[in-house]
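K.L.:
Structure provided below as structure tokens; questions to follow.
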Amino acid sequence: MSDYRPQAIESKWQQAWTDARAFEVSEDAARPKFYCLEMFAYPSGHAHVGHVRNYIIGDVVARMKRMRGFNVLHPFGWDAFGLPAENAAIKDGIHPQTSTFANIAHMKGQLKRLGISYAWEREIATCQPEYYKWNQWLFLKMFERNLAYRKRSTVNWCPSCQTVLANEQVVDGACWRCGSAVLQRELEQWFLRITAYAEELLAGTERLHQWPDKVLTMQRNWIGRSAGVRVRFPLVPLDREAVAGPDASPAPADIEIFTTRVDTIYGATFVLLSPEHEMVEHFARGATSPSELLARVDRFRAQDRTARLTGEIEKEGFDTGRQAINPFTGQNIPIWIANFVLAEYGTGAIMAVPAHDQRDFEFARKYGLAVKVVIQPPSGDRLEDDTMEAAYVGDGRVVESAEFTGLASTAAIGRMSEAAERRGIGRRTVQYRLKDWGISRQRYWGTPIPILYCDRCGVVPVPPEDLPVLLPRVATFTGRGDSPLAHVAEFLNTTCPRCGGAAQRETDTMDTFFDSSWYFYRFCDPRNDELPFHPATVAYWAPVDFYSGGVEHAILHLIYSRFFTRVFRDLGMVHHDEPFARLLTQGMVLKAGAVMSKSKGNVVDPDDMINRYGADALRVYVMFVAPPEKEVEWTDAGLEGSFRFLNRLWRIVDGVCETIGGDGIPAPDQERLSGAERALRRKTHETIRRVTLDLDPRVHLNTAVSALMELVNELYVFCDGAGCLRAMVRTDAESVGTLERIETVTVLKEAVESLVLLLSPFAPHMAEELWQRLGHAGGIVSAGWPAFDEHVARHEEIVVPVQVNGRVRARLRVPAEASEGELRSLALADPAVQRFTQGRTVKNVVVARGKLVNVVVQ
RNA sequence: GCGAAAGUGGCGGAACUGGCAGACGCGCCGGACUUAGGAUCCGGUAGCCGAAAGGCUAUGGGGGUUCAAAUCCCCCCUUUCGCACCA
């Protein structure tokens, strides 16, 4: 008998696991595989209990699957590139390389102290050339296949910091660091053509049955498919254009718009262009006062980009003075420029139908533009152009629309689309909200993009044999200037592999989401130096069977990974479409009602908790406190409760170790058991069943822990009855020997050993220690997961509540197999029931066998 | 504004497919053991009425379906999350 000393036990077993390389695996065609993965970590320095919760969830699943005979791959690594390290370098002068590896070392220690069963032999860090070389390799493959391309695009630019800012770094139109007004600037950027897979990524969401609906909905919204028609509205030419000088570019003939509501086209009374529309410059040249027009456009363009995107801006516009012809009505309609029309969606131009679009309606009323009703609602209230107070956006009957008049608006969409195509003025298209992914970052701490610019040959990819393009060790970080790499002459200047002439390297680095979009494949084959991974190895392990992480990655990381998986598939390297079969999004841990963060000063450091209560108690508490998906509030008292539970479990198991630990104790013989022994045995098998099913397929870790608590409580009751409790609890060794019946020992042994095995995914150190003390030489994994006997778990006698008119009035103690008729007559004969049925007529008796009887009276 | 999810004791949470609401834990109250207890073990703990037996009321609010509703349907309220001029 000894006290529970978590610190000693935990370091003992952690050392044993490390020495034995206990969690390293290799492909084994004879065993079923299980790939269990938690989202890898950004090495910020310290993991708090919020981060750690995710790793514990994954570890419980991995350990359980291992015990159930699966060949479990459970790796971990570091999303090691990224802005914070670089910003820290700017601030403190510590090189990102130095701080990143120091942070990794610390966090790895934290995870080891938690006893997470990672195959550390497979650890990767994305900032190592051995990893990012394959980012570059993949980028080149994408470049070859025209999935990576260069394009000018608008970015947020801080004139004071001289750098590009991500959208999230622009706060109310100002730079987050210095507060200067952010400008829009055009830059050449590299893009990945994720839109080529838009349709497939959308369709795939229908087959991800083991993902949370919430995430799937978010991805569908993000992709934002809308089917519609592009229609060309011819320009009404200006007289002046006919006599334009020889230097003038040819006058464009029409404006193309995109609409999902072509059924309303007869109500299109004007055209709106975005301020960025290419036609704007052309109109300016022909305008009576070009500078005035351009000045007004510039004012729109200068309006805060995020405000324009989010619609928190007053809708404004002005007339260009030009007109277009509505190709369906043949009428001339004015062309305006409006600040709310987005350049990056559709064609950057829309047909305005004020009667049937609220934004257009407000705009038309504000500026006195024509409103024309072309859909009448089915309700019968007739809409009038002049009196309507809001746009009618629903379906209805088409009116005032030539040969389409009288059609249902839904049918008119098809007919009008056909008409537009037949007349050669439009075509059906599908438009996505999803945009190609801009991956260029004007930053240092990322993967160099493997491209050269040669004066003679132009854009030249780095030959694969020259990979990796190593990130040079830049000495100073000032936070000024565009890409830090542009100032490193040895890096920048090189020779063109095609012509041998002078060339310059691309100095931007990749968005770090590139790194995280395929790391789960690298884990399968982490030291391969010929390929990112061997296809056969990935074919064995992939897809990931269980993936867990925060909801904050519901869109970006998860959609990029699905995109990359399809690229690898098209390269012939993987043979599946989806990388993650099952996804669990774990809830955050709050402290004082807020998300833990260093700046708020409310972080709970797992190391503090481990020092006080041990890793096992922390693990049990975090799993017990709530279902994994839910947000939870951290409480020290709850952790203490879990610590108490482990102590209680320890005492009773350790107390009976000697009695039940010996050899030669047979399995329980059901026929010879006493009532109490049967009850314990039943509880044991019930618990095995509950924990088994709570862990797999459900991942209800909290109720699994509560089932273990119940079994421990039952053990105390049993031992109390068997007369051994006092003895054990009080260390009086002499009375331990009071267990005289061999049957008592057999059921106790079965209960205690099952308990220890079921506990092991949650509290692995304690379980290993107790298992050893119970006299087992092999570890927990070789013991395997306990099996339950449905027959033993079943109650022989059950209590059936009897209701009268839905209220419980009595309880019947009956054999489990009591028939409907028996239950019925027993219920009606019960005196407590009769009190309520006396003097009334029994109309009905509902018997749910094994569950309940309801007597309906009067 | 649109969409989704959720709302259960003092607290975290249970409740399989409609079948005893509140498992398990925290907290609190009582008892035992003790020089002592903040350790441990045992018991109690939704609210109201009642000495008790027992009864009544309760799963955000209001209606409905059903022998039976936390669970299914309708309306409303609140909270959280996501999207937000996407033509």
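Labeling convention for the structure tokens: chains A, B, ... as they appear, residues from 1 per chain, ligands from 1 in order of appearance.
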Excluding A4 of chain B and any residue of its chain fewer than 2 positions from it, enumerate the residues within 9 Å of it, using only C-alpha atoms (C1' of nucleotides), and give them as an mmCIF file with N, CA and C atoms (P, O5', C5', C4', C3', O3' and C1' of nucleotides), in the first residue's frame.
P.N.:
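Written output follows (selection-v6.cif):
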```cif
data_model
loop_
_atom_site.group_PDB
_atom_site.id
_atom_site.type_symbol
_atom_site.label_atom_id
_atom_site.label_comp_id
_atom_site.auth_asym_id
_atom_site.auth_seq_id
_atom_site.Cartn_x
_atom_site.Cartn_y
_atom_site.Cartn_z
ATOM 1 N N ASP A 213 -21.731 19.436 -39.566
ATOM 2 C CA ASP A 213 -22.503 20.186 -40.564
ATOM 3 C C ASP A 213 -22.089 21.641 -40.617
ATOM 4 N N LYS A 214 -21.804 22.166 -39.455
ATOM 5 C CA LYS A 214 -21.428 23.568 -39.356
ATOM 6 C C LYS A 214 -20.247 23.894 -40.266
ATOM 7 N N THR A 217 -21.266 23.644 -43.961
ATOM 8 C CA THR A 217 -22.031 24.829 -44.366
ATOM 9 C C THR A 217 -21.103 26.014 -44.606
ATOM 10 P P C B 81 -19.627 34.660 -30.374
ATOM 11 O "O5'" C B 81 -19.594 33.697 -31.635
ATOM 12 C "C5'" C B 81 -18.797 32.512 -31.620
ATOM 13 C "C4'" C B 81 -19.201 31.626 -32.762
ATOM 14 C "C3'" C B 81 -19.113 32.245 -34.142
ATOM 15 O "O3'" C B 81 -17.797 32.313 -34.645
ATOM 16 C "C1'" C B 81 -21.156 31.096 -33.942
ATOM 17 P P G B 82 -17.382 33.546 -35.556
ATOM 18 O "O5'" G B 82 -17.995 33.125 -36.960
ATOM 19 C "C5'" G B 82 -17.570 31.914 -37.582
ATOM 20 C "C4'" G B 82 -18.511 31.579 -38.702
ATOM 21 C "C3'" G B 82 -18.680 32.662 -39.757
ATOM 22 O "O3'" G B 82 -17.611 32.698 -40.667
ATOM 23 C "C1'" G B 82 -20.794 31.810 -39.170
#
```
K.L.:
What parts of segment 479-721 of chain A does DSSP call alpha helix (DSSP H)? I'd like the answer as a ChimeraX atom specification.
P.N.:
/A:489-492,512-516,519-522,535-541,556-570,606-613,615-624,636-661,675-695,701-721
K.L.:
Got a sec: who's within 8 Å of segment 63-68 of chain B, counting only C-alpha atoms (C1' of nucleotides), leaving out chain neighbours fewer than 5 positions off, as a PyMOL selection string?
P.N.:
(chain A and resi 805-806+844-846+854-856) or (chain B and resi 18-19+73-75)
K.L.:
Save out the residues we just selected, C-alpha atoms (C1' of nucleotides), as a compact mmCIF listing (two decimals), in the first residue's frame.
P.N.:
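The resulting file, selection-v3.txt, is reproduced below:
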```txt
# COMPACT_ATOMS: atom_id res chain seq x y z
CA ASN A 805 -52.17 9.07 -16.76
CA GLY A 806 -48.51 9.77 -17.29
CA ASN A 844 -56.10 1.74 -21.92
CA VAL A 845 -52.91 0.17 -20.61
CA VAL A 846 -49.80 0.92 -22.59
CA ASN A 854 -48.86 3.55 -18.40
CA VAL A 855 -52.42 3.06 -17.20
CA VAL A 856 -54.87 5.45 -18.81
C1' G B 18 -40.41 9.92 -27.67
C1' G B 19 -40.86 5.90 -22.15
C1' C B 73 -44.28 20.29 -35.06
C1' C B 74 -45.68 25.82 -35.05
C1' C B 75 -44.97 30.87 -32.97
```
K.L.:
Tell me the residues of chain A close to chain B, meaning within 6 Å using only C-alpha atoms (C1' of nucleotides), as a list of chain:residue names.
P.N.:
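Listing them in order of chain and number gives A:Thr259, A:Gly311, A:Gly638, A:Ser706, A:Pro801, A:Gly806.
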K.L.:
If we count only C-alpha atoms (C1' of nucleotides), what is near G44 of chain B at a cut-off of 12 Å, once residues fewer than 3 positions away on the same chain are taken out, given as a compact mmCIF listing (two decimals) with all heavy atoms, in the first residue's frame?
P.N.:
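Below is the file that was written, out_4.txt:
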```
# COMPACT_ATOMS: atom_id res chain seq x y z
P C B 28 -17.96 24.00 -0.25
OP1 C B 28 -17.32 25.13 0.44
OP2 C B 28 -17.38 22.64 -0.19
O5' C B 28 -19.48 23.89 0.23
C5' C B 28 -20.31 25.05 0.28
C4' C B 28 -21.74 24.64 0.53
O4' C B 28 -22.20 23.78 -0.55
C3' C B 28 -21.97 23.79 1.77
O3' C B 28 -22.02 24.57 2.96
C2' C B 28 -23.31 23.13 1.45
O2' C B 28 -24.39 24.03 1.59
C1' C B 28 -23.12 22.83 -0.04
N1 C B 28 -22.59 21.47 -0.25
C2 C B 28 -23.47 20.38 -0.19
O2 C B 28 -24.66 20.59 0.05
N3 C B 28 -23.00 19.13 -0.38
C4 C B 28 -21.70 18.92 -0.63
N4 C B 28 -21.28 17.67 -0.81
C5 C B 28 -20.77 20.02 -0.69
C6 C B 28 -21.25 21.26 -0.49
P C B 29 -21.49 23.90 4.32
OP1 C B 29 -21.43 25.01 5.30
OP2 C B 29 -20.29 23.08 4.05
O5' C B 29 -22.68 22.92 4.71
C5' C B 29 -23.97 23.42 5.01
C4' C B 29 -24.92 22.29 5.29
O4' C B 29 -25.09 21.48 4.07
C3' C B 29 -24.43 21.26 6.31
O3' C B 29 -24.62 21.70 7.64
C2' C B 29 -25.31 20.05 5.96
O2' C B 29 -26.63 20.21 6.42
C1' C B 29 -25.30 20.12 4.44
N1 C B 29 -24.19 19.31 3.86
C2 C B 29 -24.40 17.93 3.73
O2 C B 29 -25.47 17.44 4.11
N3 C B 29 -23.41 17.15 3.22
C4 C B 29 -22.25 17.71 2.85
N4 C B 29 -21.31 16.91 2.35
C5 C B 29 -22.02 19.12 2.97
C6 C B 29 -23.01 19.88 3.49
P G B 30 -23.58 21.18 8.77
OP1 G B 30 -23.96 21.89 10.01
OP2 G B 30 -22.20 21.28 8.25
O5' G B 30 -23.94 19.64 8.91
C5' G B 30 -25.11 19.25 9.62
C4' G B 30 -25.39 17.80 9.43
O4' G B 30 -25.33 17.45 8.03
C3' G B 30 -24.40 16.83 10.05
O3' G B 30 -24.54 16.72 11.46
C2' G B 30 -24.76 15.54 9.32
O2' G B 30 -25.97 15.00 9.78
C1' G B 30 -24.97 16.07 7.90
N9 G B 30 -23.72 15.96 7.13
C8 G B 30 -22.87 16.97 6.74
N7 G B 30 -21.83 16.52 6.06
C5 G B 30 -22.02 15.14 6.02
C6 G B 30 -21.21 14.11 5.43
O6 G B 30 -20.16 14.22 4.81
N1 G B 30 -21.78 12.85 5.64
C2 G B 30 -22.95 12.61 6.31
N2 G B 30 -23.33 11.34 6.40
N3 G B 30 -23.70 13.55 6.85
C4 G B 30 -23.18 14.78 6.67
P G B 31 -23.22 16.42 12.33
OP1 G B 31 -23.61 16.63 13.73
OP2 G B 31 -22.07 17.16 11.77
O5' G B 31 -22.97 14.87 12.10
C5' G B 31 -23.93 13.92 12.53
C4' G B 31 -23.62 12.57 11.96
O4' G B 31 -23.51 12.66 10.52
C3' G B 31 -22.28 11.96 12.37
O3' G B 31 -22.31 11.40 13.67
C2' G B 31 -22.09 10.91 11.27
O2' G B 31 -22.91 9.78 11.48
C1' G B 31 -22.60 11.68 10.05
N9 G B 31 -21.49 12.34 9.35
C8 G B 31 -21.21 13.69 9.28
N7 G B 31 -20.14 13.96 8.58
C5 G B 31 -19.68 12.71 8.18
C6 G B 31 -18.55 12.36 7.38
O6 G B 31 -17.70 13.09 6.86
N1 G B 31 -18.46 10.97 7.21
C2 G B 31 -19.33 10.06 7.73
N2 G B 31 -19.08 8.77 7.46
N3 G B 31 -20.39 10.37 8.46
C4 G B 31 -20.50 11.71 8.64
```
K.L.:
Could you jot down the atom CA of Pro786 of chain A to atom CA of Phe580 of chain A separation for me, Å, one decimal place?
P.N.:
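Atom CA of Pro786 of chain A sits 28.7 Å away from atom CA of Phe580 of chain A.
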